[in-house]
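Quick look at run02.pdb (PDB, C-alpha atoms):
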```
MODEL        1
ATOM      1  CA  MET A 168     160.979  96.074 162.099  1.00  0.00           C
ATOM      2  CA  MET A 169     163.081  98.139 159.690  1.00  0.00           C
ATOM      3  CA  VAL A 170     163.309 101.803 160.683  1.00  0.00           C
ATOM      4  CA  ASP A 171     166.233 103.178 158.640  1.00  0.00           C
ATOM      5  CA  LYS A 172     166.332 105.115 155.353  1.00  0.00           C
ATOM      6  CA  GLN A 173     165.985 101.865 153.390  1.00  0.00           C
ATOM      7  CA  VAL A 174     162.258 102.034 154.110  1.00  0.00           C
ATOM      8  CA  TYR A 175     162.087 105.093 151.841  1.00  0.00           C
ATOM      9  CA  ARG A 176     164.361 103.558 149.204  1.00  0.00           C
ATOM     10  CA  ASN A 177     162.116 100.517 148.943  1.00  0.00           C
ATOM     11  CA  LEU A 178     159.034 102.577 148.091  1.00  0.00           C
ATOM     12  CA  ALA A 179     157.867 102.205 144.495  1.00  0.00           C
ATOM     13  CA  ASN A 180     155.592 105.238 144.756  1.00  0.00           C
ATOM     14  CA  VAL A 181     155.917 107.837 147.491  1.00  0.00           C
ATOM     15  CA  THR A 182     152.671 108.896 149.130  1.00  0.00           C
ATOM     16  CA  ALA A 183     152.004 111.212 152.041  1.00  0.00           C
ATOM     17  CA  ALA A 184     151.203 108.164 154.174  1.00  0.00           C
ATOM     18  CA  ASP A 185     154.559 106.596 153.248  1.00  0.00           C
ATOM     19  CA  LEU A 186     156.408 109.762 154.263  1.00  0.00           C
ATOM     20  CA  ASP A 187     154.546 109.749 157.565  1.00  0.00           C
ATOM     21  CA  VAL A 188     155.871 106.227 158.176  1.00  0.00           C
ATOM     22  CA  VAL A 189     159.428 107.327 157.365  1.00  0.00           C
ATOM     23  CA  LYS A 190     159.168 110.314 159.681  1.00  0.00           C
ATOM     24  CA  ARG A 191     157.634 108.170 162.443  1.00  0.00           C
ATOM     25  CA  ASN A 192     160.551 105.740 162.114  1.00  0.00           C
ATOM     26  CA  PHE A 193     163.105 108.553 162.452  1.00  0.00           C
ATOM     27  CA  THR A 194     161.248 109.905 165.478  1.00  0.00           C
ATOM     28  CA  TRP A 195     161.312 106.458 167.080  1.00  0.00           C
ATOM     29  CA  VAL A 196     165.069 106.158 166.580  1.00  0.00           C
ATOM     30  CA  SER A 197     165.597 109.647 168.016  1.00  0.00           C
ATOM     31  CA  ASP A 198     163.433 108.862 171.060  1.00  0.00           C
ATOM     32  CA  GLU A 199     165.303 105.613 171.702  1.00  0.00           C
ATOM     33  CA  LEU A 200     168.647 107.400 171.539  1.00  0.00           C
ATOM     34  CA  ASP A 201     167.435 109.986 174.049  1.00  0.00           C
ATOM     35  CA  LYS A 202     167.094 107.157 176.590  1.00  0.00           C
ATOM     36  CA  MET A 203     170.800 106.379 176.352  1.00  0.00           C
ATOM     37  CA  ASP A 204     173.308 108.241 178.504  1.00  0.00           C
ATOM     38  CA  ALA A 205     176.387 109.714 176.860  1.00  0.00           C
ATOM     39  CA  PRO A 206     179.609 108.031 178.040  1.00  0.00           C
ATOM     40  CA  ALA A 207     181.770 110.268 180.214  1.00  0.00           C
ATOM     41  CA  SER A 208     184.940 109.411 178.291  1.00  0.00           C
ATOM     42  CA  HIS A 209     184.828 112.539 176.134  1.00  0.00           C
ATOM     43  CA  LEU A 210     184.523 116.282 176.689  1.00  0.00           C
ATOM     44  CA  VAL A 211     183.962 119.431 174.664  1.00  0.00           C
ATOM     45  CA  VAL A 212     185.711 122.300 176.463  1.00  0.00           C
ATOM     46  CA  ILE A 213     184.205 125.654 175.505  1.00  0.00           C
ATOM     47  CA  LEU A 214     186.698 128.390 176.296  1.00  0.00           C
ATOM     48  CA  MET A 215     185.553 132.008 176.213  1.00  0.00           C
ATOM     49  CA  GLY A 216     187.882 134.984 176.238  1.00  0.00           C
ATOM     50  CA  SER A 217     185.476 136.992 178.380  1.00  0.00           C
ATOM     51  CA  ALA A 218     182.477 136.295 180.589  1.00  0.00           C
ATOM     52  CA  SER A 219     180.536 138.648 178.293  1.00  0.00           C
ATOM     53  CA  ASP A 220     180.542 135.798 175.740  1.00  0.00           C
ATOM     54  CA  LYS A 221     178.575 133.535 178.101  1.00  0.00           C
ATOM     55  CA  GLU A 222     175.322 133.669 176.118  1.00  0.00           C
ATOM     56  CA  HIS A 223     177.076 132.628 172.902  1.00  0.00           C
ATOM     57  CA  CYS A 224     178.849 129.778 174.702  1.00  0.00           C
ATOM     58  CA  GLU A 225     175.673 128.547 176.364  1.00  0.00           C
ATOM     59  CA  LYS A 226     174.096 128.226 172.922  1.00  0.00           C
ATOM     60  CA  ILE A 227     177.017 126.037 171.850  1.00  0.00           C
ATOM     61  CA  ALA A 228     176.642 123.942 175.014  1.00  0.00           C
ATOM     62  CA  LYS A 229     172.903 123.533 174.367  1.00  0.00           C
ATOM     63  CA  HIS A 230     173.549 122.186 170.872  1.00  0.00           C
ATOM     64  CA  CYS A 231     176.263 119.920 172.262  1.00  0.00           C
ATOM     65  CA  ALA A 232     173.826 118.452 174.780  1.00  0.00           C
ATOM     66  CA  ALA A 233     171.305 117.745 172.017  1.00  0.00           C
ATOM     67  CA  LEU A 234     173.979 115.694 170.237  1.00  0.00           C
ATOM     68  CA  GLY A 235     174.931 113.738 173.339  1.00  0.00           C
ATOM     69  CA  LEU A 236     178.139 115.665 173.985  1.00  0.00           C
ATOM     70  CA  ASN A 237     179.492 116.418 177.438  1.00  0.00           C
ATOM     71  CA  ALA A 238     180.520 120.071 177.574  1.00  0.00           C
ATOM     72  CA  GLU A 239     182.159 122.391 180.079  1.00  0.00           C
ATOM     73  CA  LEU A 240     182.431 126.191 179.955  1.00  0.00           C
ATOM     74  CA  ARG A 241     185.574 128.038 181.063  1.00  0.00           C
ATOM     75  CA  VAL A 242     186.791 131.648 180.956  1.00  0.00           C
ATOM     76  CA  THR A 243     190.386 132.404 179.999  1.00  0.00           C
ATOM     77  CA  SER A 244     192.334 134.830 177.831  1.00  0.00           C
ATOM     78  CA  ALA A 245     195.297 133.889 175.657  1.00  0.00           C
ATOM     79  CA  HIS A 246     196.350 137.549 175.598  1.00  0.00           C
ATOM     80  CA  LYS A 247     195.952 138.429 179.273  1.00  0.00           C
ATOM     81  CA  GLY A 248     196.683 135.048 180.862  1.00  0.00           C
ATOM     82  CA  THR A 249     198.648 132.891 178.438  1.00  0.00           C
ATOM     83  CA  GLN A 250     200.237 130.612 181.023  1.00  0.00           C
ATOM     84  CA  THR A 251     196.928 130.112 182.807  1.00  0.00           C
ATOM     85  CA  THR A 252     195.290 129.177 179.521  1.00  0.00           C
ATOM     86  CA  LEU A 253     197.985 126.647 178.637  1.00  0.00           C
ATOM     87  CA  HIS A 254     197.882 125.164 182.138  1.00  0.00           C
ATOM     88  CA  MET A 255     194.121 124.771 181.819  1.00  0.00           C
ATOM     89  CA  VAL A 256     194.565 122.908 178.530  1.00  0.00           C
ATOM     90  CA  SER A 257     197.239 120.604 179.952  1.00  0.00           C
ATOM     91  CA  GLU A 258     194.970 119.692 182.863  1.00  0.00           C
ATOM     92  CA  TYR A 259     192.297 118.408 180.466  1.00  0.00           C
ATOM     93  CA  GLU A 260     194.891 116.607 178.357  1.00  0.00           C
ATOM     94  CA  SER A 261     196.166 114.765 181.427  1.00  0.00           C
ATOM     95  CA  VAL A 262     192.810 113.194 182.309  1.00  0.00           C
ATOM     96  CA  LEU A 263     190.961 112.732 179.009  1.00  0.00           C
ATOM     97  CA  SER A 264     191.917 111.252 175.653  1.00  0.00           C
ATOM     98  CA  GLU A 265     188.814 112.307 173.686  1.00  0.00           C
ATOM     99  CA  LEU A 266     188.831 116.092 173.721  1.00  0.00           C
ATOM    100  CA  VAL A 267     187.682 118.931 171.510  1.00  0.00           C
ATOM    101  CA  PHE A 268     188.302 122.586 172.340  1.00  0.00           C
ATOM    102  CA  ILE A 269     185.880 125.252 171.110  1.00  0.00           C
ATOM    103  CA  THR A 270     187.225 128.775 171.498  1.00  0.00           C
ATOM    104  CA  VAL A 271     185.002 131.840 171.648  1.00  0.00           C
ATOM    105  CA  ALA A 272     186.832 135.150 171.328  1.00  0.00           C
ATOM    106  CA  GLY A 273     185.954 138.319 169.456  1.00  0.00           C
ATOM    107  CA  ARG A 274     188.087 141.196 168.206  1.00  0.00           C
ATOM    108  CA  SER A 275     191.650 139.896 167.963  1.00  0.00           C
ATOM    109  CA  ASN A 276     191.205 136.153 168.404  1.00  0.00           C
ATOM    110  CA  GLY A 277     194.371 134.802 169.976  1.00  0.00           C
ATOM    111  CA  LEU A 278     192.644 132.039 171.934  1.00  0.00           C
ATOM    112  CA  GLY A 279     192.088 129.551 169.113  1.00  0.00           C
ATOM    113  CA  PRO A 280     195.500 129.952 167.449  1.00  0.00           C
ATOM    114  CA  VAL A 281     197.364 129.756 170.779  1.00  0.00           C
ATOM    115  CA  LEU A 282     195.559 126.536 171.681  1.00  0.00           C
ATOM    116  CA  SER A 283     196.104 125.090 168.205  1.00  0.00           C
ATOM    117  CA  GLY A 284     199.828 125.726 168.509  1.00  0.00           C
ATOM    118  CA  ASN A 285     200.056 124.035 171.906  1.00  0.00           C
ATOM    119  CA  THR A 286     197.736 121.010 171.790  1.00  0.00           C
ATOM    120  CA  ASN A 287     197.329 118.041 169.460  1.00  0.00           C
ATOM    121  CA  TYR A 288     193.589 117.952 170.067  1.00  0.00           C
ATOM    122  CA  PRO A 289     191.103 119.585 167.654  1.00  0.00           C
ATOM    123  CA  VAL A 290     190.419 123.298 168.114  1.00  0.00           C
ATOM    124  CA  ILE A 291     187.333 124.994 166.663  1.00  0.00           C
ATOM    125  CA  ASN A 292     186.969 128.788 166.586  1.00  0.00           C
ATOM    126  CA  CYS A 293     183.444 130.130 166.954  1.00  0.00           C
ATOM    127  CA  PRO A 294     183.801 133.915 167.345  1.00  0.00           C
ATOM    128  CA  PRO A 295     180.765 135.831 168.661  1.00  0.00           C
ATOM    129  CA  VAL A 296     180.636 138.120 165.641  1.00  0.00           C
ATOM    130  CA  LYS A 297     178.382 141.160 165.398  1.00  0.00           C
ATOM    131  CA  PRO A 298     177.100 142.841 162.205  1.00  0.00           C
ATOM    132  CA  GLU A 299     179.173 145.989 162.760  1.00  0.00           C
ATOM    133  CA  ASN A 300     182.513 144.165 163.024  1.00  0.00           C
ATOM    134  CA  VAL A 301     181.976 140.755 161.429  1.00  0.00           C
ATOM    135  CA  GLU A 302     184.743 141.162 158.832  1.00  0.00           C
ATOM    136  CA  GLN A 303     187.433 142.113 161.362  1.00  0.00           C
ATOM    137  CA  ASP A 304     186.451 139.470 163.915  1.00  0.00           C
ATOM    138  CA  VAL A 305     186.259 136.638 161.387  1.00  0.00           C
ATOM    139  CA  TRP A 306     189.543 137.610 159.750  1.00  0.00           C
ATOM    140  CA  SER A 307     191.443 137.270 163.024  1.00  0.00           C
ATOM    141  CA  SER A 308     190.221 133.662 163.234  1.00  0.00           C
ATOM    142  CA  LEU A 309     190.848 132.799 159.580  1.00  0.00           C
ATOM    143  CA  ASN A 310     194.234 134.398 158.877  1.00  0.00           C
ATOM    144  CA  LEU A 311     196.373 132.007 160.924  1.00  0.00           C
ATOM    145  CA  PRO A 312     200.150 131.688 161.137  1.00  0.00           C
ATOM    146  CA  SER A 313     201.620 128.709 159.292  1.00  0.00           C
ATOM    147  CA  GLY A 314     201.596 125.415 161.139  1.00  0.00           C
ATOM    148  CA  LEU A 315     198.241 125.973 162.846  1.00  0.00           C
ATOM    149  CA  GLY A 316     195.106 124.015 162.001  1.00  0.00           C
ATOM    150  CA  CYS A 317     192.159 125.336 163.982  1.00  0.00           C
ATOM    151  CA  ALA A 318     188.892 125.481 162.054  1.00  0.00           C
ATOM    152  CA  THR A 319     186.463 128.423 162.142  1.00  0.00           C
ATOM    153  CA  VAL A 320     182.655 128.372 162.115  1.00  0.00           C
ATOM    154  CA  LEU A 321     180.258 131.234 162.809  1.00  0.00           C
ATOM    155  CA  TYR A 322     177.230 129.610 164.383  1.00  0.00           C
ATOM    156  CA  PRO A 323     176.894 127.782 167.727  1.00  0.00           C
ATOM    157  CA  GLU A 324     175.121 124.830 166.113  1.00  0.00           C
ATOM    158  CA  ALA A 325     177.904 124.468 163.548  1.00  0.00           C
ATOM    159  CA  ALA A 326     180.525 124.397 166.306  1.00  0.00           C
ATOM    160  CA  ALA A 327     178.642 121.641 168.135  1.00  0.00           C
ATOM    161  CA  LEU A 328     178.127 119.645 164.933  1.00  0.00           C
ATOM    162  CA  HIS A 329     181.814 119.886 164.069  1.00  0.00           C
ATOM    163  CA  ALA A 330     182.764 118.642 167.531  1.00  0.00           C
ATOM    164  CA  ALA A 331     180.220 115.814 167.275  1.00  0.00           C
ATOM    165  CA  GLN A 332     181.601 114.687 163.917  1.00  0.00           C
ATOM    166  CA  ILE A 333     185.084 114.485 165.447  1.00  0.00           C
ATOM    167  CA  LEU A 334     184.063 112.647 168.620  1.00  0.00           C
ATOM    168  CA  GLY A 335     181.503 110.508 166.804  1.00  0.00           C
ATOM    169  CA  MET A 336     184.328 108.679 165.033  1.00  0.00           C
ATOM    170  CA  LYS A 337     184.931 106.768 168.281  1.00  0.00           C
ATOM    171  CA  ASN A 338     181.573 107.078 170.011  1.00  0.00           C
ATOM    172  CA  PHE A 339     178.628 105.148 168.572  1.00  0.00           C
ATOM    173  CA  LEU A 340     176.036 107.163 170.488  1.00  0.00           C
ATOM    174  CA  ILE A 341     177.250 110.508 169.164  1.00  0.00           C
ATOM    175  CA  TRP A 342     177.526 109.060 165.654  1.00  0.00           C
ATOM    176  CA  SER A 343     173.953 107.749 165.914  1.00  0.00           C
ATOM    177  CA  LYS A 344     172.566 111.101 167.020  1.00  0.00           C
ATOM    178  CA  LEU A 345     174.302 112.760 164.077  1.00  0.00           C
ATOM    179  CA  ARG A 346     172.828 110.172 161.739  1.00  0.00           C
ATOM    180  CA  VAL A 347     169.327 110.712 163.093  1.00  0.00           C
ATOM    181  CA  LYS A 348     169.712 114.461 162.622  1.00  0.00           C
ATOM    182  CA  GLN A 349     170.807 113.946 159.009  1.00  0.00           C
ATOM    183  CA  LEU A 350     167.915 111.596 158.294  1.00  0.00           C
ATOM    184  CA  ASP A 351     165.442 113.972 159.926  1.00  0.00           C
ATOM    185  CA  ASN A 352     166.748 116.797 157.695  1.00  0.00           C
ATOM    186  CA  PHE A 353     166.366 114.493 154.697  1.00  0.00           C
ATOM    187  CA  ALA A 354     162.773 113.589 155.577  1.00  0.00           C
ATOM    188  CA  SER A 355     161.868 117.238 156.158  1.00  0.00           C
ATOM    189  CA  LEU A 356     163.151 118.183 152.704  1.00  0.00           C
ATOM    190  CA  ILE A 357     161.145 115.413 151.056  1.00  0.00           C
ATOM    191  CA  MET A 358     158.017 116.493 152.902  1.00  0.00           C
ATOM    192  CA  ALA A 359     158.562 120.142 151.991  1.00  0.00           C
ATOM    193  CA  ASP A 360     159.101 119.283 148.337  1.00  0.00           C
ATOM    194  CA  LYS A 361     155.979 117.131 148.324  1.00  0.00           C
ATOM    195  CA  LYS A 362     153.906 120.061 149.581  1.00  0.00           C
ATOM    196  CA  MET A 363     155.536 122.563 147.228  1.00  0.00           C
ATOM    197  CA  ARG A 364     155.498 120.544 144.041  1.00  0.00           C
ATOM    198  CA  GLY A 365     152.847 121.292 141.439  1.00  0.00           C
ATOM    199  CA  VAL A 366     152.466 123.023 138.126  1.00  0.00           C
ATOM    200  CA  ARG A 367     151.232 126.582 138.476  1.00  0.00           C
ATOM    201  CA  SER A 368     149.362 128.340 135.715  1.00  0.00           C
ATOM    202  CA  ASN A 369     147.389 131.555 135.290  1.00  0.00           C
TER
ENDMDL
END
```

Step by step, read the file and then write its structure as structure tokens.
Amino acid sequence: MMVDKQVYRNLANVTAADLDVVKRNFTWVSDELDKMDAPASHLVVILMGSASDKEHCEKIAKHCAALGLNAELRVTSAHKGTQTTLHMVSEYESVLSELVFITVAGRSNGLGPVLSGNTNYPVINCPPVKPENVEQDVWSSLNLPSGLGCATVLYPEAAALHAAQILGMKNFLIWSKLRVKQLDNFASLIMADKKMRGVRSN
């Protein structure tokens, strides 16, 4: 039984029933992947500069779990406890080879840049911005010193997706979950367009 996107490509004419088949196929693939356990060989370490950022970090962890990512939350400050932060990073580096660090720090974000300058593993900034100070908080994550390469995203889901794309290069299960998500988005767009399409006249 073929259940990939080729089913849609092979359709000469697309009907609502055909789209239901495509969506049912994607759902089947997603359900089958949910039965598989994520290997413990990787880890997404979510570092927050303050315990007040817990809610934001838990959202990231929730999206990570949906993508089959193992995640751990930690609290540390690059400004107030630099050596502790670096020691924490080195501990993870000593036991795991597939790592991604997601840093959550508002105001003056030193956490992401400090990690980026001291580890060879990917670092993703995801500052918990608020409407009243979004420009200042984002700028401290974007305007990096030369030689640093940490990326910056604004939404918890985006942080998890970025981590999944990195780890999915070596992990078939993570890659598969990403693929299912992409195909589900694709099917949803087709369905939405099918419902919306039609000439309107007075």

Next item on the list: Within 12 Å of A:Val256, counting all atoms listed in the file, which residues show up once you throw out same-chain ones fewer than 2 positions away? Write them as a VMD selection string, please.
Entry: chain A and resid 211 to 214 241 to 243 245 249 to 254 258 to 263 266 to 270 278 to 279 281 to 290

Item checked: Option closest in space to A:Trp306, from A:Leu321, A:Leu210, A:Leu334, A:Val188 [counting all atoms listed in the file] -> A:Leu321

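Between atom CA of A:Leu340 and atom CA of A:Leu186 the separation is 25.6 Å.
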
Checklist line | Output of the PyMOL selection byres ((chain A and resi 229) around 12), listed as number ranges by chain | finding: A: 211, 213, 222-228, 230-240, 323-328

Using only C-alpha atoms, collect all residues at a distance of at most 10 Å from (191.7, 122.1, 159.1) as written in the file, then present them as a short mmCIF file (atom, residue, chain, number, x, y, z; two decimals) with C-alpha atoms, in the coordinates of the input.
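And here's point.cif as it stands now:
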```
data_model
loop_
_atom_site.label_atom_id
_atom_site.label_comp_id
_atom_site.auth_asym_id
_atom_site.auth_seq_id
_atom_site.Cartn_x
_atom_site.Cartn_y
_atom_site.Cartn_z
CA PRO A 289 191.10 119.58 167.65
CA VAL A 290 190.42 123.30 168.11
CA ILE A 291 187.33 124.99 166.66
CA LEU A 315 198.24 125.97 162.85
CA GLY A 316 195.11 124.02 162.00
CA CYS A 317 192.16 125.34 163.98
CA ALA A 318 188.89 125.48 162.05
CA THR A 319 186.46 128.42 162.14
#
```

Check: Got a sec: who's within 7 Å of stretch 341-352 of chain A, counting only C-alpha atoms, leaving out chain neighbours fewer than 4 positions off, as number ranges by chain?
Finding: A: 193, 197, 234-235, 331, 335-336, 356

Atoms to include: C-alpha atoms. Write the selected residues as a tab-separated table (two decimals), in the coordinates of the input.
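Contents of result.tsv, freshly written:
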```tsv
chain	number	residue	atom	x	y	z
A	193	PHE	CA	163.10	108.55	162.45
A	197	SER	CA	165.60	109.65	168.02
A	234	LEU	CA	173.98	115.69	170.24
A	235	GLY	CA	174.93	113.74	173.34
A	331	ALA	CA	180.22	115.81	167.28
A	335	GLY	CA	181.50	110.51	166.80
A	336	MET	CA	184.33	108.68	165.03
A	356	LEU	CA	163.15	118.18	152.70
```

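Proximity ranking of A:Ala330, A:Val271, A:Ala183, A:Gln303 relative to A:Asp360 places A:Ala183 first, based on all atoms listed in the file.
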
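Picture a line from atom CA of A:Ser244 to atom CA of A:Met215; it runs 7.5 Å.
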
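Across the model, the gap from atom CA of A:Tyr322 to atom CA of A:Leu309 is 14.8 Å.
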